[in-house]
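Below is coords.cif, which holds mmCIF, C-alpha atoms and all ligand atoms.
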data_final
#
loop_
_atom_site.label_atom_id
_atom_site.label_comp_id
_atom_site.auth_asym_id
_atom_site.auth_seq_id
_atom_site.Cartn_x
_atom_site.Cartn_y
_atom_site.Cartn_z
CA MET E 237 -18.60 -22.08 46.99
CA PRO E 238 -15.35 -24.05 46.88
CA ASN E 239 -12.69 -22.63 44.54
CA ILE E 240 -12.34 -25.39 42.01
CA ASN E 241 -10.05 -25.47 38.96
CA LYS E 242 -12.98 -26.61 36.84
CA PRO E 243 -12.41 -29.59 34.54
CA VAL E 244 -13.60 -29.89 30.97
CA PRO E 245 -16.75 -31.99 31.38
CA GLY E 246 -16.60 -35.40 29.72
CA ALA E 247 -12.93 -35.12 28.64
CA ASP E 248 -10.83 -38.29 28.76
CA GLN E 249 -8.16 -36.55 30.92
CA TYR E 250 -8.19 -33.65 33.36
CA TYR E 251 -7.94 -30.33 31.52
CA PRO E 252 -8.88 -26.94 33.03
CA LEU E 253 -12.00 -25.58 31.37
CA ASN E 254 -11.66 -22.37 29.34
CA GLU E 255 -14.57 -19.97 29.72
CA PRO E 256 -15.22 -18.63 27.15
CA SER E 257 -13.55 -20.96 24.70
CA ILE E 258 -9.96 -20.11 23.63
CA GLY E 259 -10.03 -17.55 20.80
CA SER E 260 -13.53 -16.27 21.67
CA PRO E 261 -14.18 -12.65 22.64
CA TYR E 262 -14.83 -11.85 26.29
CA PRO E 263 -18.15 -10.20 27.16
CA GLU E 264 -18.43 -6.51 26.43
CA SER E 265 -19.70 -5.93 29.96
CA ILE E 266 -16.15 -6.50 31.26
CA TYR E 267 -14.21 -5.51 28.11
CA PRO E 268 -15.65 -2.32 26.58
CA GLN E 269 -13.14 -2.75 23.73
CA ASN E 270 -15.29 -5.70 22.61
CA ALA E 271 -18.29 -3.51 21.78
CA THR E 272 -17.64 -4.16 18.09
CA ILE E 273 -16.32 -7.57 17.15
CA PRO E 274 -14.23 -7.71 13.94
CA ALA E 275 -15.42 -10.02 11.17
CA LEU E 276 -12.53 -12.44 11.87
CA PHE E 277 -13.97 -13.12 15.33
CA GLN E 278 -17.63 -13.37 14.34
CA PRO E 279 -18.83 -16.97 14.70
CA LEU E 280 -19.76 -18.89 11.55
CA SER E 281 -22.55 -21.46 11.74
CA ILE E 282 -22.79 -24.26 9.22
CA LYS E 283 -25.29 -27.10 9.57
CA GLY E 284 -25.84 -26.39 13.25
CA ILE E 285 -22.10 -26.37 14.04
CA THR E 286 -20.71 -23.02 15.15
CA PHE E 287 -17.10 -22.15 14.40
CA LYS E 288 -16.09 -19.72 17.14
CA ASN E 289 -14.12 -17.51 14.78
CA ARG E 290 -13.16 -17.50 11.10
CA ILE E 291 -9.45 -18.25 11.39
CA PHE E 292 -9.05 -21.78 10.07
CA VAL E 293 -5.88 -23.86 10.11
CA ALA E 294 -5.20 -25.06 6.55
CA PRO E 295 -4.41 -28.73 5.97
CA MET E 296 -0.66 -29.30 6.16
CA CYS E 297 0.98 -32.62 5.32
CA GLN E 298 3.57 -33.48 7.93
CA TYR E 299 5.08 -36.51 6.13
CA SER E 300 5.35 -38.04 9.57
CA ALA E 301 2.76 -40.81 9.74
CA ASP E 302 3.66 -44.40 10.52
CA ASN E 303 2.12 -46.54 7.78
CA GLY E 304 -0.75 -44.04 7.60
CA HIS E 305 -1.14 -43.81 11.41
CA VAL E 306 -0.78 -40.34 12.87
CA THR E 307 1.60 -40.10 15.82
CA ASP E 308 2.35 -37.89 18.81
CA TRP E 309 3.99 -35.49 16.34
CA HIS E 310 0.49 -34.80 15.01
CA LEU E 311 -0.88 -34.46 18.54
CA VAL E 312 1.69 -31.79 19.36
CA HIS E 313 1.47 -30.06 15.96
CA ILE E 314 -2.34 -29.92 15.96
CA GLY E 315 -2.49 -29.46 19.73
CA GLY E 316 -0.51 -26.23 19.35
CA PHE E 317 -3.27 -24.76 17.20
CA ALA E 318 -6.06 -26.19 19.40
CA THR E 319 -4.62 -24.37 22.43
CA ARG E 320 -4.14 -21.07 20.59
CA GLY E 321 -7.57 -20.02 19.44
CA ALA E 322 -8.11 -21.21 15.85
CA GLY E 323 -11.76 -21.36 14.81
CA ALA E 324 -11.22 -24.69 13.07
CA ILE E 325 -8.37 -27.02 12.30
CA CYS E 326 -8.31 -29.09 9.13
CA MET E 327 -5.94 -32.01 9.50
CA GLU E 328 -3.66 -32.85 6.62
CA ALA E 329 -4.37 -34.65 3.33
CA THR E 330 -5.28 -38.13 4.52
CA ALA E 331 -5.32 -40.90 1.97
CA VAL E 332 -8.38 -43.10 1.57
CA VAL E 333 -6.29 -45.89 -0.01
CA PRO E 334 -2.57 -46.58 0.56
CA GLU E 335 -1.68 -45.97 -3.10
CA GLY E 336 -3.43 -42.57 -2.84
CA ARG E 337 -0.76 -41.19 -0.51
CA ILE E 338 1.51 -38.42 -1.77
CA SER E 339 4.45 -39.89 0.14
CA PRO E 340 5.00 -43.11 2.11
CA GLN E 341 4.69 -41.06 5.33
CA ASP E 342 1.26 -39.54 4.61
CA ALA E 343 -1.64 -40.02 7.02
CA GLY E 344 -4.34 -42.48 6.02
CA LEU E 345 -7.82 -43.66 6.88
CA TRP E 346 -8.00 -46.86 4.87
CA THR E 347 -8.02 -49.24 7.82
CA ASP E 348 -9.56 -49.31 11.29
CA SER E 349 -6.25 -49.30 13.19
CA GLN E 350 -5.82 -45.70 11.95
CA ILE E 351 -8.88 -44.57 13.95
CA ALA E 352 -7.43 -44.57 17.49
CA PRO E 353 -4.41 -42.30 16.90
CA PHE E 354 -6.62 -39.75 15.11
CA GLN E 355 -9.12 -39.97 17.96
CA ARG E 356 -6.40 -39.01 20.46
CA VAL E 357 -5.76 -35.80 18.50
CA VAL E 358 -9.46 -35.03 18.05
CA ASN E 359 -10.26 -35.64 21.73
CA PHE E 360 -7.50 -33.23 22.71
CA ALA E 361 -8.74 -30.53 20.29
CA HIS E 362 -12.30 -30.96 21.56
CA ALA E 363 -11.20 -30.70 25.17
CA GLN E 364 -9.65 -27.34 24.28
CA GLY E 365 -12.93 -26.21 22.70
CA THR E 366 -11.68 -26.39 19.12
CA LEU E 367 -13.51 -27.89 16.16
CA ILE E 368 -11.43 -30.19 14.00
CA GLY E 369 -11.84 -31.85 10.63
CA VAL E 370 -9.76 -33.82 8.19
CA GLN E 371 -8.93 -33.50 4.51
CA LEU E 372 -9.70 -36.77 2.72
CA ALA E 373 -7.51 -37.25 -0.31
CA HIS E 374 -6.23 -39.34 -3.18
CA ALA E 375 -3.00 -38.12 -4.75
CA GLY E 376 -3.72 -39.61 -8.20
CA ARG E 377 -0.73 -39.30 -10.53
CA LYS E 378 1.25 -37.36 -7.89
CA ALA E 379 1.36 -40.36 -5.53
CA SER E 380 4.47 -42.31 -4.49
CA THR E 381 6.77 -39.32 -4.16
CA LEU E 382 9.46 -38.53 -1.61
CA ALA E 383 8.81 -36.29 1.39
CA PRO E 384 10.04 -32.77 0.50
CA TRP E 385 13.07 -32.77 2.80
CA VAL E 386 14.10 -36.19 1.47
CA GLU E 387 13.96 -34.93 -2.11
CA SER E 388 16.04 -31.82 -1.39
CA ASP E 389 17.08 -29.53 1.41
CA VAL E 390 15.85 -25.94 1.53
CA ALA E 391 19.38 -24.64 0.97
CA GLN E 392 19.40 -26.62 -2.31
CA THR E 393 22.73 -28.29 -1.53
CA ARG E 394 21.34 -31.63 -2.70
CA ARG E 395 18.44 -32.87 -4.81
CA THR E 396 17.43 -36.38 -5.80
CA ALA E 397 17.33 -37.13 -9.54
CA THR E 398 13.65 -38.01 -9.33
CA ARG E 399 10.76 -37.22 -7.02
CA VAL E 400 9.53 -40.80 -7.28
CA ALA E 401 9.61 -42.86 -4.08
CA GLN E 402 10.84 -46.22 -5.34
CA LYS E 403 9.77 -49.54 -3.87
CA THR E 404 13.00 -49.69 -1.84
CA GLU E 405 12.03 -46.29 -0.39
CA GLY E 406 8.54 -47.39 0.65
CA GLY E 407 6.96 -46.24 -2.63
CA TRP E 408 4.61 -47.91 -5.15
CA PRO E 409 5.58 -46.37 -8.52
CA ASP E 410 3.91 -49.17 -10.51
CA GLU E 411 0.56 -48.64 -8.74
CA VAL E 412 0.01 -44.96 -9.46
CA TYR E 413 -3.30 -44.00 -11.08
CA GLY E 414 -4.85 -41.01 -12.79
CA PRO E 415 -7.46 -40.12 -15.39
CA SER E 416 -4.93 -40.62 -18.20
CA ASP E 417 -1.40 -41.94 -18.62
CA LEU E 418 0.23 -38.50 -18.54
CA PRO E 419 2.78 -38.08 -15.74
CA PHE E 420 2.87 -34.73 -13.93
CA SER E 421 6.48 -34.40 -15.14
CA ASP E 422 9.36 -36.68 -16.04
CA LYS E 423 10.29 -36.72 -12.35
CA TYR E 424 6.95 -38.28 -11.38
CA PRO E 425 5.55 -41.80 -11.80
CA LYS E 426 3.74 -42.69 -15.01
CA PRO E 427 0.10 -43.19 -14.01
CA LYS E 428 -2.23 -45.91 -15.23
CA PRO E 429 -5.63 -44.65 -16.46
CA MET E 430 -8.41 -45.64 -14.07
CA ASP E 431 -11.15 -47.91 -15.39
CA GLU E 432 -14.76 -47.96 -14.20
CA ALA E 433 -14.08 -50.60 -11.51
CA HIS E 434 -11.23 -48.50 -10.16
CA LEU E 435 -13.41 -45.38 -10.02
CA LEU E 436 -16.00 -47.29 -7.99
CA TYR E 437 -13.29 -48.66 -5.71
CA VAL E 438 -12.05 -45.12 -4.93
CA GLU E 439 -15.61 -43.85 -4.33
CA ASP E 440 -16.15 -46.74 -1.95
CA ALA E 441 -12.85 -45.97 -0.18
CA PHE E 442 -13.94 -42.36 0.42
CA VAL E 443 -17.24 -43.56 1.91
CA LYS E 444 -15.45 -46.10 4.13
CA ALA E 445 -13.01 -43.40 5.29
CA ILE E 446 -16.02 -41.22 6.14
CA GLU E 447 -17.39 -44.01 8.34
CA ARG E 448 -14.04 -43.95 10.18
CA CYS E 449 -14.30 -40.15 10.51
CA LYS E 450 -17.65 -40.67 12.25
CA ALA E 451 -16.04 -43.12 14.70
CA ILE E 452 -13.21 -40.63 15.34
CA GLY E 453 -15.60 -37.74 15.98
CA PHE E 454 -14.40 -35.22 13.39
CA ASP E 455 -16.62 -32.13 13.14
CA PHE E 456 -16.21 -31.62 9.41
CA ILE E 457 -14.61 -33.21 6.39
CA GLU E 458 -12.82 -31.46 3.55
CA ILE E 459 -12.49 -33.31 0.25
CA HIS E 460 -9.17 -32.55 -1.41
CA ALA E 461 -10.04 -31.63 -5.00
CA ALA E 462 -7.11 -29.23 -5.51
CA HIS E 463 -3.35 -29.05 -6.16
CA GLY E 464 -3.14 -31.49 -9.05
CA TYR E 465 -4.27 -34.51 -7.08
CA LEU E 466 -6.79 -37.03 -8.36
CA LEU E 467 -10.00 -34.98 -8.42
CA HIS E 468 -8.28 -31.92 -9.88
CA GLU E 469 -6.65 -34.19 -12.50
CA PHE E 470 -10.09 -35.30 -13.67
CA VAL E 471 -11.51 -31.79 -14.10
CA SER E 472 -8.54 -30.20 -15.90
CA PRO E 473 -8.11 -30.64 -19.65
CA LEU E 474 -4.34 -30.57 -19.08
CA SER E 475 -4.37 -33.85 -17.15
CA ASN E 476 -7.57 -35.51 -18.39
CA THR E 477 -7.29 -36.57 -22.05
CA ARG E 478 -9.80 -39.41 -21.81
CA THR E 479 -12.06 -40.10 -24.76
CA ASP E 480 -14.78 -41.88 -22.74
CA SER E 481 -17.66 -40.28 -20.83
CA TYR E 482 -15.25 -39.00 -18.12
CA GLY E 483 -13.16 -36.86 -20.48
CA GLY E 484 -13.52 -34.23 -23.21
CA SER E 485 -16.37 -31.82 -22.53
CA LEU E 486 -16.54 -29.87 -19.27
CA GLU E 487 -19.61 -31.86 -18.30
CA ASN E 488 -17.73 -35.13 -18.83
CA ARG E 489 -14.66 -33.98 -16.90
CA LEU E 490 -16.79 -32.90 -13.92
CA CYS E 491 -18.86 -36.08 -13.98
CA TRP E 492 -16.73 -38.37 -11.81
CA PRO E 493 -15.57 -35.84 -9.19
CA LEU E 494 -19.20 -34.73 -8.73
CA ARG E 495 -20.35 -38.34 -8.42
CA LEU E 496 -17.73 -38.92 -5.74
CA ILE E 497 -18.63 -35.72 -3.88
CA SER E 498 -22.34 -36.70 -3.99
CA LYS E 499 -21.53 -40.05 -2.39
CA CYS E 500 -19.50 -38.30 0.31
CA ARG E 501 -22.39 -35.90 0.92
CA ALA E 502 -24.83 -38.79 1.28
CA ALA E 503 -22.50 -40.50 3.77
CA TRP E 504 -21.74 -37.45 5.96
CA SER E 505 -24.35 -35.24 7.61
CA LYS E 506 -21.96 -32.74 9.28
CA PRO E 507 -20.30 -29.86 7.38
CA LEU E 508 -18.67 -30.95 4.12
CA PHE E 509 -15.99 -28.70 2.63
CA VAL E 510 -14.31 -29.10 -0.75
CA ARG E 511 -10.92 -27.57 -1.54
CA ILE E 512 -10.51 -26.74 -5.21
CA SER E 513 -7.80 -25.23 -7.31
CA ALA E 514 -9.51 -22.38 -9.15
CA THR E 515 -6.82 -22.28 -11.84
CA ASP E 516 -3.97 -24.32 -13.30
CA TRP E 517 -1.85 -21.15 -13.59
CA ALA E 518 -0.74 -22.42 -17.03
CA GLU E 519 0.26 -20.23 -19.98
CA GLY E 520 -2.46 -18.84 -22.23
CA PRO E 521 -6.19 -18.37 -21.80
CA GLU E 522 -8.64 -20.70 -20.08
CA LEU E 523 -10.89 -20.74 -23.15
CA GLY E 524 -9.29 -20.83 -26.61
CA SER E 525 -10.56 -18.77 -29.56
CA ASP E 526 -11.72 -22.11 -31.01
CA GLY E 527 -14.19 -22.47 -28.11
CA GLU E 528 -12.18 -25.27 -26.45
CA TRP E 529 -11.17 -25.18 -22.78
CA LYS E 530 -7.36 -25.10 -22.77
CA GLN E 531 -6.65 -25.27 -19.05
CA TRP E 532 -8.59 -25.28 -15.80
CA GLY E 533 -9.70 -21.84 -14.61
CA ILE E 534 -12.23 -19.74 -12.78
CA GLU E 535 -15.00 -19.96 -15.40
CA GLN E 536 -15.08 -23.76 -15.23
CA SER E 537 -14.63 -23.54 -11.44
CA LYS E 538 -17.87 -21.56 -11.27
CA VAL E 539 -19.74 -24.30 -13.12
CA TYR E 540 -18.15 -26.95 -10.86
CA VAL E 541 -18.95 -25.06 -7.65
CA GLY E 542 -22.51 -24.42 -8.83
CA GLU E 543 -22.96 -28.19 -9.13
CA MET E 544 -21.38 -28.67 -5.70
CA GLN E 545 -23.87 -26.25 -4.20
CA LYS E 546 -26.71 -28.31 -5.71
CA ILE E 547 -25.21 -31.45 -4.16
CA GLY E 548 -25.19 -29.74 -0.76
CA VAL E 549 -21.49 -28.97 -0.24
CA ASP E 550 -21.29 -26.56 2.72
CA LEU E 551 -18.11 -24.59 2.02
CA VAL E 552 -15.66 -24.21 -0.84
CA ASP E 553 -12.04 -23.64 0.14
CA CYS E 554 -10.56 -21.81 -2.82
CA SER E 555 -6.93 -22.60 -3.58
CA GLY E 556 -5.00 -22.86 -6.86
CA GLY E 557 -2.38 -24.59 -8.95
CA GLY E 558 -0.48 -27.83 -8.59
CA ASN E 559 -1.52 -29.53 -11.82
CA TRP E 560 0.86 -28.01 -14.37
CA VAL E 561 4.58 -28.39 -13.87
CA HIS E 562 5.34 -25.08 -15.62
CA GLN E 563 2.76 -23.13 -13.60
CA ASN E 564 3.41 -19.43 -13.32
CA ILE E 565 1.88 -18.24 -10.06
CA LYS E 566 1.60 -14.50 -9.56
CA LEU E 567 2.61 -14.60 -5.89
CA GLY E 568 1.75 -11.78 -3.53
CA PRO E 569 -0.31 -11.15 -0.40
CA GLY E 570 -3.71 -12.84 -0.77
CA TYR E 571 -2.84 -13.90 -4.32
CA GLN E 572 -5.73 -16.37 -4.53
CA VAL E 573 -8.35 -14.15 -2.91
CA PRO E 574 -9.67 -12.85 -6.28
CA PHE E 575 -10.76 -16.41 -7.08
CA ALA E 576 -12.57 -16.77 -3.75
CA GLU E 577 -14.17 -13.39 -4.40
CA ALA E 578 -15.35 -14.47 -7.86
CA LEU E 579 -16.96 -17.59 -6.38
CA LYS E 580 -18.53 -15.59 -3.57
CA LYS E 581 -20.02 -13.18 -6.14
CA ALA E 582 -21.38 -16.06 -8.19
CA PHE E 583 -22.75 -17.94 -5.14
CA PRO E 584 -23.54 -15.41 -2.42
CA ASN E 585 -25.27 -18.04 -0.25
CA LEU E 586 -22.41 -20.53 -0.32
CA PRO E 587 -19.68 -20.09 2.31
CA VAL E 588 -16.31 -19.61 0.60
CA ALA E 589 -12.89 -19.62 2.28
CA ALA E 590 -9.77 -17.89 0.97
CA VAL E 591 -6.21 -19.17 1.34
CA GLY E 592 -2.72 -18.19 0.23
CA LEU E 593 -0.29 -15.68 1.72
CA ILE E 594 -2.74 -14.37 4.28
CA THR E 595 -0.42 -13.30 7.07
CA ASP E 596 -1.60 -10.00 8.50
CA PRO E 597 -4.66 -9.51 10.76
CA GLN E 598 -5.83 -6.30 9.03
CA GLN E 599 -5.41 -7.98 5.63
CA ALA E 600 -7.45 -11.02 6.71
CA GLU E 601 -10.09 -8.81 8.31
CA SER E 602 -10.45 -6.75 5.13
CA TYR E 603 -11.24 -9.84 2.99
CA LEU E 604 -14.07 -10.82 5.32
CA ARG E 605 -15.34 -7.29 5.88
CA ASP E 606 -15.41 -6.64 2.11
CA GLY E 607 -17.39 -9.84 1.52
CA LYS E 608 -14.65 -11.52 -0.53
CA ALA E 609 -14.74 -14.64 1.67
CA ASP E 610 -16.46 -16.01 4.75
CA ALA E 611 -13.36 -17.49 6.41
CA VAL E 612 -9.61 -17.55 5.93
CA PHE E 613 -7.35 -20.58 5.97
CA LEU E 614 -3.75 -19.93 7.04
CA ALA E 615 -0.87 -22.39 6.68
CA ARG E 616 2.73 -21.14 6.80
CA GLU E 617 2.03 -18.11 8.98
CA LEU E 618 0.53 -20.44 11.59
CA LEU E 619 3.61 -22.66 11.47
CA ARG E 620 5.68 -19.59 12.27
CA THR E 621 3.19 -18.12 14.73
CA PRO E 622 0.71 -20.66 16.11
CA GLN E 623 -0.69 -17.99 18.47
CA TRP E 624 -1.67 -15.85 15.43
CA PRO E 625 -5.40 -15.84 16.37
CA ILE E 626 -4.65 -14.26 19.75
CA ILE E 627 -2.21 -11.77 18.21
CA ALA E 628 -4.81 -10.92 15.55
CA ALA E 629 -7.42 -10.17 18.22
CA HIS E 630 -4.95 -7.96 20.06
CA GLU E 631 -4.02 -6.11 16.85
CA LEU E 632 -7.67 -5.65 15.91
CA GLY E 633 -8.27 -4.13 19.32
CA ILE E 634 -10.37 -6.74 21.09
CA ALA E 635 -9.74 -9.14 23.97
CA VAL E 636 -10.20 -12.87 23.37
CA LYS E 637 -9.65 -15.78 25.69
CA PRO E 638 -6.16 -17.26 25.70
CA ALA E 639 -5.76 -20.73 27.23
CA ASN E 640 -5.92 -20.44 31.03
CA GLN E 641 -2.34 -21.69 31.19
CA HIS E 642 -1.16 -18.95 28.78
CA GLU E 643 -3.01 -15.97 30.30
CA ARG E 644 0.04 -14.48 31.99
CA ALA E 645 1.61 -13.92 28.57
CA TRP E 646 -1.34 -11.75 27.46
CA VAL E 647 -1.85 -9.40 30.40
CA ASP E 648 -1.66 -6.40 28.08
CA MET E 649 -4.55 -7.63 25.93
CA LEU E 650 -6.47 -8.83 28.98
CA THR E 651 -6.62 -5.42 30.63
CA PRO E 652 -10.18 -4.15 30.21
CA ALA E 653 -10.23 -0.83 28.37
CA LYS E 654 -11.78 2.07 30.24
CA ALA E 655 -15.38 2.47 29.14
CA SER E 656 -15.61 5.54 26.93
CA PHE E 657 -18.89 6.93 28.23
C1 LIG E 701 3.93 -27.84 5.18
C2 LIG E 701 2.75 -27.69 4.27
C3 LIG E 701 1.94 -28.79 4.00
C4 LIG E 701 0.81 -28.65 3.19
N1 LIG E 701 -0.05 -29.72 3.02
C5 LIG E 701 -1.24 -29.54 2.42
C6 LIG E 701 -2.24 -30.53 2.47
O1 LIG E 701 -2.11 -31.56 3.11
N2 LIG E 701 -3.40 -30.29 1.77
C7 LIG E 701 -3.62 -29.12 1.11
O2 LIG E 701 -4.68 -28.95 0.51
N3 LIG E 701 -2.70 -28.14 1.10
C8 LIG E 701 -1.54 -28.31 1.76
N4 LIG E 701 -0.65 -27.28 1.84
C9 LIG E 701 -1.03 -25.97 1.27
C10 LIG E 701 -1.64 -25.09 2.37
O3 LIG E 701 -2.82 -25.65 2.91
C11 LIG E 701 -1.97 -23.67 1.81
O4 LIG E 701 -2.99 -23.80 0.86
C12 LIG E 701 -0.77 -23.00 1.19
O5 LIG E 701 0.40 -23.19 1.98
C13 LIG E 701 -0.99 -21.50 0.99
O6 LIG E 701 -1.32 -20.90 2.22
P1 LIG E 701 -0.24 -20.08 3.10
O7 LIG E 701 0.30 -18.98 2.23
O8 LIG E 701 -1.04 -19.58 4.28
O9 LIG E 701 0.85 -21.02 3.51
C14 LIG E 701 0.50 -27.41 2.62
C15 LIG E 701 1.35 -26.31 2.86
C16 LIG E 701 2.43 -26.44 3.70
C17 LIG E 701 3.28 -25.22 3.99
#
If you took the structure in this file and wrote it as C-alpha cells, what would it be?
Amino acid sequence: MPNINKPVPGADQYYPLNEPSIGSPYPESIYPQNATIPALFQPLSIKGITFKNRIFVAPMCQYSADNGHVTDWHLVHIGGFATRGAGAICMEATAVVPEGRISPQDAGLWTDSQIAPFQRVVNFAHAQGTLIGVQLAHAGRKASTLAPWVESDVAQTRRTATRVAQKTEGGWPDEVYGPSDLPFSDKYPKPKPMDEAHLLYVEDAFVKAIERCKAIGFDFIEIHAAHGYLLHEFVSPLSNTRTDSYGGSLENRLCWPLRLISKCRAAWSKPLFVRISATDWAEGPELGSDGEWKQWGIEQSKVYVGEMQKIGVDLVDCSGGGNWVHQNIKLGPGYQVPFAEALKKAFPNLPVAAVGLITDPQQAESYLRDGKADAVFLARELLRTPQWPIIAAHELGIAVKPANQHERAWVDMLTPAKASF
C-alpha cells in the first residue's frame, strides 16, 4: 500500500482528510480513556444530520461584510472554528433585506451575488468535517446602527452622540421598520410600523434567502427571533403596541412571527433552529395583577415554543434580552440556562440549546448531563480560545481528533491511557 496523505474526497482544493473528524472521540480500542464519552462529545442527530459533538459556535456579527457580501475575514474567522472541533458553526445574523441589517457592514442574503462568498466559507468548513449553518435575520427597529467599535471604543474614551448610522455613514435611518413606531431608545432610529404588504414582503425575503442557503449548501438555518430584533419586537408587549390583529393579546403578538417561521419551515427541509429571547429582563413581573402581560418572559416563551414545535422547528436556541433599553440582566456563569431548562422541562422531546457565559468544560458538561439542554452555544469564550472543544475534551479526560496539522500541539492528550484491566 502506498503511503498517501489522503485528500478529502470531493473537496474543491487539496486538504488532508481527518479520520475521525476533528473534535470526534478516537476509538476506545486505542484510547481506553474513551470508554465513557462525556455528554458534550455525544453526537446529536436532527433530521438525519448528525452533529459530531454538542459544542456549537454561536452566531457572531463581525461588522465586516462588503455590501452584505462576506469576505476572507469570515473565511478565516469561521475557518478557525471549523479546524478546531466545533460540532456546529452558526454564521452571524445575516439580513434577508438590506434595510434589515443591524449595521451597514452586516452580512446579507438578499441577492444572488452574496451566494459565492458564503459558499467559499461553507466549502471550507465541510472539507474540515464541520457542519455549518447561518442565522437569517431582520433587525427591525434596531437597524441602521453603527458598528460597535465605530460607536465607541472599549476604553470608553469616545462615544458618538447617537447609535444611528446616518445616510452619509452608509445607513438608512428613514427606512427602519418595526411593529410600532416606538424607537428602542432616543439613540436609535424611529421605526415605521409595518403594514400587511410589508409583512408579506419580509416573509418572501426570508423564503428567497432560504433558496440561496440551499444553493450555498448550509446544513441548518437559525431564524433570529431574539435580542430585540424584528421577530422579538413583534412578540413583546414592550415593543408591539399595535391595535390590529398582530398586536394586543399574546395570540395576536405571536401570529406574524409564527406565520413567518411556518413559511421558513415549508421552504427548508434540513434542521431549522430558532433563537429566542426568553425574557426582556425589564423591571416588574411578566404578568401583571390585572391579568395583562407587561413584558416578554418565560411563560409566554413556553406558549411560543409550543407553537414552534407544532410547526416542526427542530431546535430552540434559548437566549435573552435586547428589547428593553433599561434591561437589568443578572449576569453570572450560565445566566440564561434556567430558561433553557424551563423550556426543556416543558418540551422534553424538543432539542433546546443554552447560551450565555458558558466558558468552562465541566460547567458545560453539567448542563447537558443534568438534562438542562441538549447542546451549548459559545460565543466570547470561542473568540478567546477557538480550540476550546479540544481543550474541553482534554479536561474531561478523553482524546478527540485535532486537525492533522495541529496534532503535534496535543501530544499529551493523544497519548493512549494504559488500559485499567
Ligand atoms: C462579537 C459578537 C457578535 C454577536 N453577534 C450575534 C449575532 O449575530 N446573532 C446573535 O443571535 N447573537 C449574537 N451575539 C450574541 C452571542 O451569540 C451570544 O448569545 C452571547 O455573546 C452570549 O454568549 P457568550 O457568553 O458565550 O458570549 C454576538 C456576540 C458577540 C460577542
Do a neighbour search on region 632-634 of chain E at 9 Å with only C-alpha atoms, toss out local chain neighbours closer than 6 positions, and write the hits as a list of chain:residue names. E:Pro261, E:Tyr262, E:Tyr267, E:Pro268, E:Gln269, E:Asn270, E:Ala271, E:Thr272, E:Ile273, E:Pro274, E:Pro597, E:Gln598, E:Glu601, E:Met649
Shell of 7 Å around ligand LIG 701 (chain E) (only C-alpha atoms and all ligand atoms), written as a ChimeraX atom specification: /E:294-298,328-329,371,460,462-463,511,555,591-595,613-617
Skipping near chain neighbours, those fewer than 6 positions away, what residues fall within 12 Å of Ile351 (chain E) using only C-alpha atoms, listed as an NGL selection string? :E and (304-307 or 330 or 343-345 or 357-359 or 444-454)
Limited to C-alpha atoms, could you put the picked residues into a file as an mmCIF file, keeping the file's coordinate frame?
data_model
loop_
_atom_site.group_PDB
_atom_site.id
_atom_site.type_symbol
_atom_site.label_atom_id
_atom_site.label_comp_id
_atom_site.auth_asym_id
_atom_site.auth_seq_id
_atom_site.Cartn_x
_atom_site.Cartn_y
_atom_site.Cartn_z
ATOM 1 C CA GLY E 304 -0.750 -44.040 7.600
ATOM 2 C CA HIS E 305 -1.140 -43.810 11.410
ATOM 3 C CA VAL E 306 -0.780 -40.340 12.870
ATOM 4 C CA THR E 307 1.600 -40.100 15.820
ATOM 5 C CA THR E 330 -5.280 -38.130 4.520
ATOM 6 C CA ALA E 343 -1.640 -40.020 7.020
ATOM 7 C CA GLY E 344 -4.340 -42.480 6.020
ATOM 8 C CA LEU E 345 -7.820 -43.660 6.880
ATOM 9 C CA VAL E 357 -5.760 -35.800 18.500
ATOM 10 C CA VAL E 358 -9.460 -35.030 18.050
ATOM 11 C CA ASN E 359 -10.260 -35.640 21.730
ATOM 12 C CA LYS E 444 -15.450 -46.100 4.130
ATOM 13 C CA ALA E 445 -13.010 -43.400 5.290
ATOM 14 C CA ILE E 446 -16.020 -41.220 6.140
ATOM 15 C CA GLU E 447 -17.390 -44.010 8.340
ATOM 16 C CA ARG E 448 -14.040 -43.950 10.180
ATOM 17 C CA CYS E 449 -14.300 -40.150 10.510
ATOM 18 C CA LYS E 450 -17.650 -40.670 12.250
ATOM 19 C CA ALA E 451 -16.040 -43.120 14.700
ATOM 20 C CA ILE E 452 -13.210 -40.630 15.340
ATOM 21 C CA GLY E 453 -15.600 -37.740 15.980
ATOM 22 C CA PHE E 454 -14.400 -35.220 13.390
#
Between CA of Ala363 (chain E) and CA of Asp308 (chain E) - distance in Å to one decimal: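 Here the two named atoms are 16.6 Å from each other.
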Give the answer as one residue: which of E:Gly524, E:Gly533, E:Gly323, E:Pro340 has the shortest atom-to-atom distance to Asp455 (chain E), using all atoms listed in the file? E:Gly323
E:Trp517, E:Tyr251, E:Phe277, E:Tyr437 ranked by distance to Gly365 (chain E), top pick (using all atoms listed in the file):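 Among the listed residues, E:Tyr251 lies closest to Gly365 (chain E).
Using only C-alpha atoms, the smallest distance between any of E:Arg478, E:Lys423, E:Arg495, E:Arg356 and Glu543 (chain E) comes from E:Arg495.
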Distance in Å - CA of Trp408 (chain E) versus CA of Glu439 (chain E):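 Calculated distance between CA of Trp408 (chain E) and CA of Glu439 (chain E) is 20.6 Å.
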For Ile626 (chain E), which of E:Arg320, E:His310, E:Lys608, E:His374 is the closest residue, counting all atoms listed in the file?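 Closest candidate: E:Arg320.
Put simply, CA of Thr398 (chain E) is 7.0 Å away from CA of Tyr424 (chain E).
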Hey, what's within 9 Å of Phe583 (chain E) if we count only C-alpha atoms and toss same-chain stuff fewer than 5 positions away? As a list in words, please? Lys538, Val541, Gly542, Gln545, Ala578 and Val588 of chain E
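Taking all atoms listed in the file into account, Tyr465 (chain E) lies nearest to E:Asp516 out of the set E:Asp648, E:Asp516, E:Asp553, E:Asp302.
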Mind checking which residues fall within 12 Å of region 519-523 of chain E, counting only C-alpha atoms, ignoring those fewer than 5 positions away in the same chain, and posting them as a ChimeraX atom specification? /E:472-474,486,514,528-537,560-566
Tell me which of E:Gly570, E:Asn488, E:Pro638, E:Ser481 sits closest to Ser602 (chain E), counting only C-alpha atoms.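 Closest to Ser602 (chain E), using only C-alpha atoms: E:Gly570.
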Residues near Ile258 (chain E), anyone? I mean within 10 Å using all atoms listed in the file, not counting same-chain ones fewer than 4 positions away, as an MDAnalysis selection string. chainID E and resid 253:254 262 288 318:323 364:366 625:626 636:640
